[in-house]
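For reference, final.txt is printed below; it contains compact mmCIF, C-alpha atoms (C1' of nucleotides).
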```
# COMPACT_ATOMS: atom_id res chain seq x y z
CA MET M 1 92.72 120.56 111.56
CA GLU M 2 90.34 119.94 114.42
CA GLU M 3 90.54 116.22 113.86
CA LEU M 4 94.05 115.98 115.23
CA ILE M 5 93.20 116.88 118.80
CA PRO M 6 90.62 114.16 119.43
CA TYR M 7 93.03 111.66 117.95
CA ILE M 8 95.80 112.71 120.30
CA LEU M 9 93.49 112.87 123.30
CA GLN M 10 92.71 109.18 122.87
CA PHE M 11 96.21 108.48 124.10
CA GLY M 12 96.54 110.90 127.02
CA LYS M 13 95.03 113.90 128.73
CA LEU M 14 95.88 117.47 127.89
CA ASN M 15 94.53 120.73 129.25
CA GLN M 16 93.07 123.45 127.07
CA GLU M 17 96.22 125.49 127.14
CA GLN M 18 98.25 122.59 125.84
CA ILE M 19 95.69 121.88 123.17
CA ASP M 20 95.80 125.46 121.99
CA LEU M 21 99.54 125.35 121.83
CA ILE M 22 99.48 122.30 119.61
CA SER M 23 96.82 123.81 117.39
CA LYS M 24 98.84 126.96 117.01
CA LYS M 25 101.92 125.11 115.77
CA ALA M 26 100.07 122.68 113.53
CA LYS M 27 100.31 123.24 109.81
CA ALA M 28 97.86 121.71 107.38
CA LEU M 29 99.54 120.05 104.44
CA ASP M 30 97.76 118.62 101.44
CA LEU M 31 99.67 116.23 99.27
CA GLY M 32 98.64 115.34 95.73
CA LYS M 33 98.79 111.86 94.29
CA ASP M 34 102.33 110.46 94.09
CA ALA M 35 103.85 113.35 96.00
CA TYR M 36 106.37 112.49 98.68
CA PHE M 37 105.99 113.48 102.29
CA SER M 38 109.57 112.48 102.94
CA GLU M 39 112.27 110.70 101.03
CA ALA M 40 114.88 108.09 101.79
CA GLY M 41 118.36 109.50 102.05
CA LYS M 42 117.16 112.88 103.18
CA ILE M 43 116.72 113.92 106.78
CA ALA M 44 113.09 113.92 107.93
CA ARG M 45 112.32 117.47 108.92
CA GLN M 46 108.64 117.09 109.63
CA PHE M 47 106.56 115.27 112.15
CA GLY M 48 103.23 114.54 110.52
CA PHE M 49 99.88 113.06 111.31
CA LEU M 50 98.02 111.46 108.45
CA MET M 51 94.39 112.47 108.72
CA LYS M 52 93.06 111.36 105.36
CA GLY M 53 94.28 109.44 102.33
CA VAL M 54 96.67 106.61 101.73
CA ILE M 55 100.42 106.68 102.19
CA ARG M 56 102.79 104.11 100.80
CA VAL M 57 105.96 103.36 102.71
CA CYS M 58 108.65 102.10 100.40
CA SER M 59 112.36 101.78 100.04
CA ILE M 60 114.92 100.86 97.45
CA ASP M 61 116.75 97.62 98.08
CA ASP M 62 120.35 96.74 97.34
CA GLU M 63 119.60 95.82 93.75
CA GLY M 64 117.83 99.09 93.14
CA LYS M 65 114.41 97.54 93.23
CA GLU M 66 111.57 99.49 94.76
CA LEU M 67 109.95 97.73 97.70
CA THR M 68 106.56 98.64 99.08
CA LYS M 69 106.76 97.96 102.78
CA TYR M 70 103.21 98.75 103.74
CA PHE M 71 100.34 101.13 103.36
CA ILE M 72 98.95 103.58 105.87
CA GLU M 73 95.26 104.28 105.55
CA GLU M 74 94.12 105.20 108.98
CA GLU M 75 95.15 108.01 111.28
CA SER M 76 98.80 107.58 111.97
CA ILE M 77 102.04 109.27 112.72
CA LEU M 78 104.08 110.02 109.64
CA THR M 79 107.80 110.33 109.89
CA ASP M 80 110.95 108.31 109.86
CA LEU M 81 111.41 108.50 113.60
CA ASN M 82 115.07 107.67 113.67
CA SER M 83 115.75 110.24 111.01
CA PHE M 84 113.63 112.87 112.69
CA ASP M 85 115.08 112.34 116.13
CA ASN M 86 118.71 111.85 115.23
CA LYS M 87 119.05 113.74 111.97
CA ALA M 88 120.08 110.53 110.26
CA PRO M 89 119.20 109.96 106.63
CA ALA M 90 115.77 108.41 106.35
CA THR M 91 115.57 104.84 105.12
CA VAL M 92 112.12 104.99 103.59
CA TYR M 93 110.01 107.05 101.28
CA LEU M 94 106.60 108.19 102.44
CA GLN M 95 104.56 108.69 99.32
CA ALA M 96 100.96 109.79 98.96
CA ILE M 97 99.20 107.39 96.63
CA THR M 98 95.91 109.24 96.90
CA GLU M 99 95.25 112.82 97.85
CA CYS M 100 96.29 113.16 101.48
CA LYS M 101 95.45 115.54 104.26
CA ILE M 102 98.30 115.79 106.70
CA ILE M 103 98.93 117.88 109.76
CA ALA M 104 102.61 118.56 110.13
CA PHE M 105 105.02 120.11 112.60
CA SER M 106 108.48 121.34 111.85
CA LYS M 107 111.33 119.87 113.81
CA GLN M 108 111.72 123.06 115.81
CA ASP M 109 108.04 123.49 116.53
CA TRP M 110 107.78 119.89 117.61
CA GLU M 111 110.73 120.23 119.98
CA GLU M 112 109.14 123.29 121.52
CA LEU M 113 105.89 121.42 121.95
CA LYS M 114 107.64 118.50 123.59
CA ASN M 115 109.35 120.85 126.03
CA ALA M 116 106.15 122.68 126.83
CA ILE M 117 104.09 119.51 127.14
CA PRO M 118 105.93 116.71 128.95
CA GLU M 119 103.02 114.33 128.40
CA LEU M 120 103.50 114.57 124.67
CA ASP M 121 106.37 112.18 124.70
CA ASN M 122 104.30 109.49 126.35
CA ILE M 123 101.41 110.09 124.04
CA VAL M 124 103.62 109.65 121.04
CA ASN M 125 105.10 106.51 122.51
CA LYS M 126 101.64 105.08 123.03
CA ILE M 127 100.61 105.89 119.49
CA ILE M 128 103.75 104.32 118.16
CA SER M 129 103.26 101.20 120.23
CA LYS M 130 99.78 100.84 118.86
CA LEU M 131 100.82 101.38 115.27
CA MET M 132 103.69 98.97 115.66
CA PHE M 133 101.42 96.28 117.01
CA GLN M 134 99.27 96.57 113.93
CA LYS M 135 102.26 96.45 111.69
CA VAL M 136 103.68 93.39 113.39
CA ARG M 137 100.38 91.58 113.16
CA ARG M 138 100.13 92.35 109.47
CA LEU M 139 103.68 91.43 108.67
CA SER M 140 103.46 88.18 110.61
CA ALA M 141 100.50 87.16 108.53
CA LEU M 142 102.50 87.71 105.37
CA VAL M 143 105.44 85.54 106.22
CA SER M 144 103.93 82.13 106.57
CA GLU M 145 101.38 82.19 103.80
CA ASP M 146 101.40 81.51 100.10
CA GLY M 147 100.62 84.07 97.45
CA SER M 148 96.90 83.68 97.18
CA THR M 149 96.35 83.66 100.92
CA ARG M 150 98.43 86.79 101.19
CA TYR M 151 96.34 88.45 98.55
CA LEU M 152 93.07 87.44 100.17
CA ASN M 153 94.31 88.86 103.46
CA PHE M 154 95.28 92.02 101.71
CA LEU M 155 91.76 92.35 100.35
CA GLU M 156 90.34 92.01 103.83
CA LEU M 157 92.83 94.38 105.36
CA TYR M 158 92.56 97.13 102.78
CA PRO M 159 89.19 96.50 101.14
CA ASN M 160 88.99 99.87 99.45
CA LEU M 161 92.50 99.96 98.14
CA VAL M 162 92.54 97.31 95.43
CA ASN M 163 91.11 99.38 92.66
CA ARG M 164 92.82 102.59 93.57
CA ILE M 165 96.48 101.73 93.50
CA PRO M 166 98.79 100.06 90.97
CA LEU M 167 98.98 96.32 91.11
CA SER M 168 102.74 96.51 91.29
CA TYR M 169 102.55 98.16 94.69
CA ILE M 170 100.37 95.39 96.01
CA ALA M 171 102.59 92.69 94.60
CA SER M 172 105.63 94.28 96.16
CA TYR M 173 103.89 94.56 99.51
CA LEU M 174 102.89 90.91 99.32
CA GLY M 175 106.41 89.87 98.46
CA ILE M 176 105.52 88.31 95.11
CA THR M 177 105.99 89.42 91.53
CA GLN M 178 103.37 91.30 89.66
CA SER M 179 102.86 88.53 87.14
CA SER M 180 102.34 85.99 89.89
CA LEU M 181 99.80 88.25 91.49
CA SER M 182 98.04 88.68 88.19
CA ARG M 183 97.80 84.92 87.80
CA ILE M 184 96.58 84.55 91.36
CA ARG M 185 93.85 87.05 90.76
CA LYS M 186 92.67 85.11 87.76
CA THR M 187 92.16 81.97 89.81
CA ILE M 188 90.34 83.83 92.55
CA LEU M 189 87.83 85.87 90.59
CA MET Q 1 118.17 90.12 139.82
CA GLU Q 2 120.32 93.22 139.82
CA GLU Q 3 120.44 93.20 136.05
CA LEU Q 4 116.88 94.34 135.70
CA ILE Q 5 117.34 97.80 137.15
CA PRO Q 6 120.08 98.99 134.78
CA TYR Q 7 117.98 97.73 131.90
CA ILE Q 8 114.96 99.71 133.03
CA LEU Q 9 117.01 102.79 133.79
CA GLN Q 10 118.08 102.97 130.18
CA PHE Q 11 114.58 104.05 129.35
CA GLY Q 12 113.83 106.55 132.11
CA LYS Q 13 114.95 107.91 135.43
CA LEU Q 14 113.90 106.49 138.77
CA ASN Q 15 114.90 107.45 142.28
CA GLN Q 16 116.30 105.00 144.79
CA GLU Q 17 113.00 104.55 146.55
CA GLN Q 18 111.32 103.54 143.33
CA ILE Q 19 114.14 101.20 142.47
CA ASP Q 20 113.86 99.52 145.83
CA LEU Q 21 110.15 99.10 145.38
CA ILE Q 22 110.64 97.36 142.05
CA SER Q 23 113.35 95.13 143.48
CA LYS Q 24 111.11 94.14 146.35
CA LYS Q 25 108.30 92.98 144.09
CA ALA Q 26 110.50 91.26 141.54
CA LYS Q 27 110.53 87.49 141.55
CA ALA Q 28 113.27 85.49 139.93
CA LEU Q 29 111.98 82.74 137.73
CA ASP Q 30 114.10 80.10 136.06
CA LEU Q 31 112.59 78.18 133.21
CA GLY Q 32 113.96 74.90 131.93
CA LYS Q 33 114.19 73.96 128.29
CA ASP Q 34 110.80 73.70 126.57
CA ALA Q 35 108.90 75.09 129.55
CA TYR Q 36 106.25 77.66 128.85
CA PHE Q 37 106.27 81.10 130.37
CA SER Q 38 102.73 81.66 129.15
CA GLU Q 39 100.33 79.83 126.90
CA ALA Q 40 97.88 80.77 124.19
CA GLY Q 41 94.29 80.55 125.31
CA LYS Q 42 95.14 81.29 128.90
CA ILE Q 43 95.20 84.72 130.45
CA ALA Q 44 98.68 86.11 130.95
CA ARG Q 45 99.12 86.61 134.66
CA GLN Q 46 102.73 87.64 134.73
CA PHE Q 47 104.73 90.53 133.46
CA GLY Q 48 108.21 89.29 132.80
CA PHE Q 49 111.62 90.50 131.75
CA LEU Q 50 113.83 88.04 129.94
CA MET Q 51 117.33 88.42 131.33
CA LYS Q 52 119.02 85.38 129.85
CA GLY Q 53 118.19 82.58 127.43
CA VAL Q 54 116.09 82.24 124.33
CA ILE Q 55 112.33 82.40 124.13
CA ARG Q 56 110.29 81.23 121.20
CA VAL Q 57 107.04 83.00 120.44
CA CYS Q 58 104.65 80.72 118.64
CA SER Q 59 101.02 80.12 117.93
CA ILE Q 60 98.76 77.52 116.44
CA ASP Q 61 97.14 78.48 113.16
CA ASP Q 62 93.68 77.61 111.89
CA GLU Q 63 94.80 74.26 110.55
CA GLY Q 64 96.37 73.32 113.85
CA LYS Q 65 99.88 73.89 112.63
CA GLU Q 66 102.42 75.31 115.02
CA LEU Q 67 103.92 78.56 113.85
CA THR Q 68 107.10 80.05 115.23
CA LYS Q 69 106.64 83.78 115.06
CA TYR Q 70 110.02 84.86 116.28
CA PHE Q 71 112.73 84.37 118.83
CA ILE Q 72 113.71 86.59 121.72
CA GLU Q 73 117.34 86.43 122.70
CA GLU Q 74 118.14 89.79 124.17
CA GLU Q 75 116.71 91.56 127.16
CA SER Q 76 113.05 92.03 126.51
CA ILE Q 77 109.64 92.31 128.01
CA LEU Q 78 107.83 89.00 128.15
CA THR Q 79 104.08 88.95 128.14
CA ASP Q 80 101.11 88.98 125.87
CA LEU Q 81 100.34 92.61 126.55
CA ASN Q 82 96.77 92.54 125.40
CA SER Q 83 96.11 89.48 127.51
CA PHE Q 84 97.88 90.91 130.53
CA ASP Q 85 96.18 94.31 130.35
CA ASN Q 86 92.69 93.22 129.40
CA LYS Q 87 92.46 89.71 130.77
CA ALA Q 88 91.83 88.42 127.29
CA PRO Q 89 93.05 84.97 126.32
CA ALA Q 90 96.61 85.18 125.04
CA THR Q 91 97.18 84.49 121.38
CA VAL Q 92 100.72 83.19 121.62
CA TYR Q 93 102.85 80.77 123.53
CA LEU Q 94 106.06 81.99 125.12
CA GLN Q 95 108.31 78.98 125.35
CA ALA Q 96 111.83 78.73 126.69
CA ILE Q 97 113.96 76.90 124.17
CA THR Q 98 117.04 77.13 126.32
CA GLU Q 99 117.36 77.59 130.05
CA CYS Q 100 115.98 81.05 130.80
CA LYS Q 101 116.41 83.51 133.60
CA ILE Q 102 113.35 85.68 133.94
CA ILE Q 103 112.31 88.35 136.37
CA ALA Q 104 108.58 88.34 136.78
CA PHE Q 105 105.86 90.38 138.42
CA SER Q 106 102.38 89.20 139.22
CA LYS Q 107 99.51 91.16 137.79
CA GLN Q 108 98.71 92.62 141.18
CA ASP Q 109 102.28 93.55 142.03
CA TRP Q 110 102.72 95.15 138.67
CA GLU Q 111 99.58 97.24 139.06
CA GLU Q 112 100.79 98.41 142.44
CA LEU Q 113 104.12 99.33 140.94
CA LYS Q 114 102.48 101.25 138.15
CA ASN Q 115 100.40 103.19 140.65
CA ALA Q 116 103.37 103.93 142.86
CA ILE Q 117 105.65 104.87 139.96
CA PRO Q 118 103.88 106.92 137.31
CA GLU Q 119 106.98 106.95 135.14
CA LEU Q 120 106.81 103.20 134.81
CA ASP Q 121 104.14 103.36 132.20
CA ASN Q 122 106.27 105.55 129.98
CA ILE Q 123 109.28 103.39 130.49
CA VAL Q 124 107.37 100.34 129.43
CA ASN Q 125 106.01 102.14 126.41
CA LYS Q 126 109.50 103.11 125.39
CA ILE Q 127 110.76 99.58 125.78
CA ILE Q 128 107.88 98.27 123.76
CA SER Q 129 108.41 100.81 121.02
CA LYS Q 130 112.00 99.77 120.76
CA LEU Q 131 111.23 96.06 120.70
CA MET Q 132 108.52 96.57 118.14
CA PHE Q 133 110.85 98.47 115.87
CA GLN Q 134 113.25 95.56 115.90
CA LYS Q 135 110.47 93.15 115.21
CA VAL Q 136 109.14 95.14 112.30
CA ARG Q 137 112.58 95.42 110.78
CA ARG Q 138 113.09 91.69 111.06
CA LEU Q 139 109.70 90.76 109.72
CA SER Q 140 109.99 93.15 106.80
CA ALA Q 141 113.16 91.47 105.75
CA LEU Q 142 111.40 88.12 105.68
CA VAL Q 143 108.57 89.06 103.41
CA SER Q 144 110.28 90.01 100.21
CA GLU Q 145 113.05 87.45 100.12
CA ASP Q 146 113.42 83.91 98.93
CA GLY Q 147 114.24 80.98 101.16
CA SER Q 148 118.00 81.03 101.07
CA THR Q 149 118.21 84.76 101.61
CA ARG Q 150 115.89 84.41 104.56
CA TYR Q 151 118.07 81.73 106.01
CA LEU Q 152 121.25 83.72 105.52
CA ASN Q 153 119.64 86.65 107.25
CA PHE Q 154 118.57 84.42 110.07
CA LEU Q 155 122.16 83.28 110.50
CA GLU Q 156 123.31 86.87 110.78
CA LEU Q 157 120.53 87.85 113.11
CA TYR Q 158 120.80 84.91 115.49
CA PRO Q 159 124.34 83.65 114.93
CA ASN Q 160 124.42 81.51 118.04
CA LEU Q 161 121.04 79.93 117.64
CA VAL Q 162 121.43 77.64 114.66
CA ASN Q 163 122.93 74.73 116.45
CA ARG Q 164 120.90 75.04 119.60
CA ILE Q 165 117.34 74.83 118.40
CA PRO Q 166 115.39 72.40 116.22
CA LEU Q 167 115.47 73.07 112.53
CA SER Q 168 111.71 72.94 112.40
CA TYR Q 169 111.48 76.07 114.52
CA ILE Q 170 113.75 77.92 112.17
CA ALA Q 171 111.88 76.74 109.11
CA SER Q 172 108.60 77.84 110.61
CA TYR Q 173 110.03 81.21 111.50
CA LEU Q 174 111.31 81.63 107.96
CA GLY Q 175 107.97 80.67 106.51
CA ILE Q 176 109.25 77.66 104.60
CA THR Q 177 109.00 73.92 105.16
CA GLN Q 178 111.61 72.01 107.00
CA SER Q 179 112.55 69.96 103.96
CA SER Q 180 113.02 73.06 101.87
CA LEU Q 181 115.24 74.52 104.55
CA SER Q 182 117.23 71.34 104.67
CA ARG Q 183 117.79 71.49 100.93
CA ILE Q 184 118.70 75.15 101.12
CA ARG Q 185 121.30 74.41 103.76
CA LYS Q 186 122.87 71.82 101.55
CA THR Q 187 123.42 74.33 98.76
CA ILE Q 188 124.87 76.90 101.12
CA LEU Q 189 127.37 74.86 103.05
C1' DA S 1 88.99 109.79 67.84
C1' DG S 2 93.68 108.67 67.50
C1' DT S 3 98.11 108.37 69.60
C1' DT S 4 101.06 107.70 73.50
C1' DT S 5 101.93 105.99 77.83
C1' DT S 6 101.05 103.14 81.54
C1' DT S 7 99.20 99.10 83.60
C1' DT S 8 97.88 94.41 83.49
C1' DT S 9 97.69 89.94 81.56
C1' DT S 10 99.85 85.97 79.08
C1' DG S 11 103.08 82.59 77.29
C1' DC S 12 107.02 80.13 77.84
C1' DC S 13 110.27 77.82 80.47
C1' DA S 14 113.46 77.43 84.45
C1' DA S 15 113.90 77.44 89.31
C1' DA S 16 112.07 77.14 93.92
C1' DT S 17 109.02 75.19 97.08
C1' DG S 18 105.52 71.97 99.06
C1' DG S 19 103.76 67.43 100.46
C1' DC S 20 104.52 63.00 101.73
C1' DA S 21 107.05 59.02 103.03
C1' DA S 22 111.13 56.60 103.60
C1' DA S 23 115.91 56.60 104.86
C1' DT S 24 119.46 58.26 107.36
C1' DG S 25 121.58 60.28 111.35
C1' DA S 26 121.71 61.84 116.17
C1' DT S 27 120.25 61.60 120.88
C1' DT S 28 118.25 59.55 124.73
C1' DT S 29 116.96 55.76 127.61
C1' DC S 30 117.27 51.61 129.80
C1' DG U 1 125.55 49.01 123.58
C1' DA U 2 121.00 47.88 121.78
C1' DA U 3 116.55 49.79 121.39
C1' DA U 4 113.67 53.40 121.06
C1' DT U 5 112.91 58.10 120.18
C1' DC U 6 113.63 62.32 117.90
C1' DA U 7 115.74 65.28 114.24
C1' DT U 8 117.33 65.83 109.70
C1' DT U 9 117.97 64.65 105.02
C1' DT U 10 116.53 62.73 100.68
C1' DG U 11 113.62 61.04 96.68
C1' DC U 12 109.82 61.69 93.90
C1' DC U 13 106.56 64.46 91.76
C1' DA U 14 102.98 68.17 91.71
C1' DT U 15 102.37 72.94 92.30
C1' DT U 16 103.82 77.56 92.77
C1' DT U 17 106.59 81.19 91.66
C1' DG U 18 110.19 83.88 89.07
C1' DG U 19 112.12 86.01 84.95
C1' DC U 20 111.59 87.88 80.72
C1' DA U 21 109.24 89.62 76.80
C1' DA U 22 105.29 90.29 74.07
C1' DA U 23 100.40 91.06 73.80
C1' DA U 24 96.34 93.05 75.45
C1' DA U 25 93.85 96.34 78.05
C1' DA U 26 93.24 100.61 80.30
C1' DA U 27 94.29 105.30 81.07
C1' DA U 28 96.13 109.67 79.83
C1' DC U 29 97.12 113.13 76.46
C1' DT U 30 96.45 116.10 72.30
```
If you took the structure in this file and wrote it as structure tokens, what would it be?
Amino acid sequence: MEELIPYILQFGKLNQEQIDLISKKAKALDLGKDAYFSEAGKIARQFGFLMKGVIRVCSIDDEGKELTKYFIEEESILTDLNSFDNKAPATVYLQAITECKIIAFSKQDWEELKNAIPELDNIVNKIISKLMFQKVRRLSALVSEDGSTRYLNFLELYPNLVNRIPLSYIASYLGITQSSLSRIRKTIL
Amino acid sequence: MEELIPYILQFGKLNQEQIDLISKKAKALDLGKDAYFSEAGKIARQFGFLMKGVIRVCSIDDEGKELTKYFIEEESILTDLNSFDNKAPATVYLQAITECKIIAFSKQDWEELKNAIPELDNIVNKIISKLMFQKVRRLSALVSEDGSTRYLNFLELYPNLVNRIPLSYIASYLGITQSSLSRIRKTIL
DNA sequence: AGTTTTTTTTGCCAAATGGCAAATGATTTC
DNA sequence: GAAATCATTTGCCATTTGGCAAAAAAAACT
């Protein structure tokens, strides 16, 4: 629980009173493997911070196929922001693919925090900007490369993920089929 | 020049004094076709807002190939943020591919504005968050699809761009070769 | 250990894409 | 309007990838 505060403080200053307030509202949430933090179609009711573990962000496309959009390994905000803010149905699933330690706030608690701490909004915006930059950089790398280059990049980016998650997730993230990925791996090893 | 203020005000409130200050520092900048707003390798010295026209964001990859990362058509911030903030060499080129109307601020002017208007930082963060969301959505769509689907999506996304810019830019953006794109177009039309 | 169940690898073939160079078409320039 | 320049299409063939189903391997369960 105490890990959240230093993370937040990286992005803006808060006084002790504000810190205590956040700590008081924070709820620790442990997710087991394959459990969902939030689901597409439902309204996101929690604002979470991933402190430990790996989350898979995925969606179902028009043909009903499951699509892994990306993985979250490091400290990060967890929520479908549009859904959380506007009570719209979420468009993605947030699924724990390893045991995860999450610190979560209910919609109401989070609103109260934002009212009590005006800086919070800016802090969140900064965090989001940073996370988005990462995401854009990673996605950009995917577009222009062929399968094996994508896979090699994946290995660099998530070195400790390969042997922990199903190959199908990786293939979906890379935008290739599982059998192609399997063949690619054979040529690389 | 007067278009900038309403754009900024969408993202936060400013009083008249602050607005005047921004207007005073703002410099109109018109770029002709193919001119660069900023170049990779150089340090970004301007903070710009694209008010009109189309900008191409591109880079040169390891093999010396030019890579179109994306296009900016709508109102948007223009700068390599990391380069601008930290005086690091920029990683991308920002090139006008049509006549562009830009409102620009020098590094020094922008710093002065940020000091004089604390809200400005938050406003910029909000703008960036929004732009990044768009970018992520667009990039995600590129990864998992095949060439013709990518092209069809491109047509929807930038309906008035197809006939104004070189095919090679589009192909590069889509992550396919120009000849493949040409063949794809033949099957679609 | 033996049986399911799940995950990964293969085989086979069709379809999509890349690479390269030449041909065609469009635009600019003088 | 002819020449030169630039952009796009096409041909040819090698390589990559997809789709599908079966086989093999690994993991989970009893």
Show which residues sit within 9 Å of stretch 5-21 of chain S, as a ChimeraX atom specification. Count all atoms listed in the file, and ignore same-chain residues fewer than 2 positions away. /M:166-168,178-179,182-183 /Q:146-147,176-177,179-180 /U:14-19,22-29
Per residue of chain M within 6 Å of chain Q, note the shortest atom pair and the distance in Å to one decimal, counting all atoms listed in the file, and order the rows by chain and increasing residue number, as a tab-separated table.
```
residue	atom	partner	partner_atom	distance
M:Asn122	CA	Q:Asn122	CA	5.7
M:Asn125	CA	Q:Asn125	CA	5.9
M:Ser129	CA	Q:Ser129	CA	5.2
M:Met132	CA	Q:Met132	CA	5.9
M:Val136	CA	Q:Val136	CA	5.8
M:Val143	CA	Q:Val143	CA	5.5
M:Ser144	CA	Q:Gly175	CA	4.3
M:Gly175	CA	Q:Ser144	CA	4.2
```
Only residues of chain U matter here; which ones have an atom within 10 Å of chain Q, counting all atoms listed in the file? Give them as a short mmCIF file (atom, residue, chain, number, x, y, z; two decimals) with C-alpha atoms (C1' of nucleotides), keeping the file's coordinate frame.
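As a result, part_11.cif now contains:
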```cif
data_model
loop_
_atom_site.label_atom_id
_atom_site.label_comp_id
_atom_site.auth_asym_id
_atom_site.auth_seq_id
_atom_site.Cartn_x
_atom_site.Cartn_y
_atom_site.Cartn_z
"C1'" DA U 7 115.74 65.28 114.24
"C1'" DT U 8 117.33 65.83 109.70
"C1'" DT U 9 117.97 64.65 105.02
"C1'" DT U 10 116.53 62.73 100.68
#
```
Work out how far atom CA of M:Glu73 is from atom CA of M:Phe49, in Å to one decimal. 11.5 Å
Taking all atoms of stretch 23-28 of chain S that appear in the file, build a box with edges along x, y and z, extend it by 3 Å on every side, and state its centre and edge lengths in Å to one decimal, as lines of an AutoDock Vina configuration file.
```
center_x = 118.8
center_y = 59.2
center_z = 114.8
size_x = 11.8
size_y = 11.2
size_z = 25.9
```
Can you tell me, as JSON, numbers by chain, what residues are no more than 10 Å from stretch 21-24 of chain Q when counting all atoms listed in the file, ignoring any on the same chain fewer than 3 positions away? {"Q": [1, 2, 4, 5, 16, 17, 18, 27, 103, 105, 109, 110, 112, 113, 114, 116, 117]}
For a test of reading the model, state the distance in Å between atom CA of M:Asp85 and atom CA of M:Ile43, rounded to one decimal. 9.6 Å
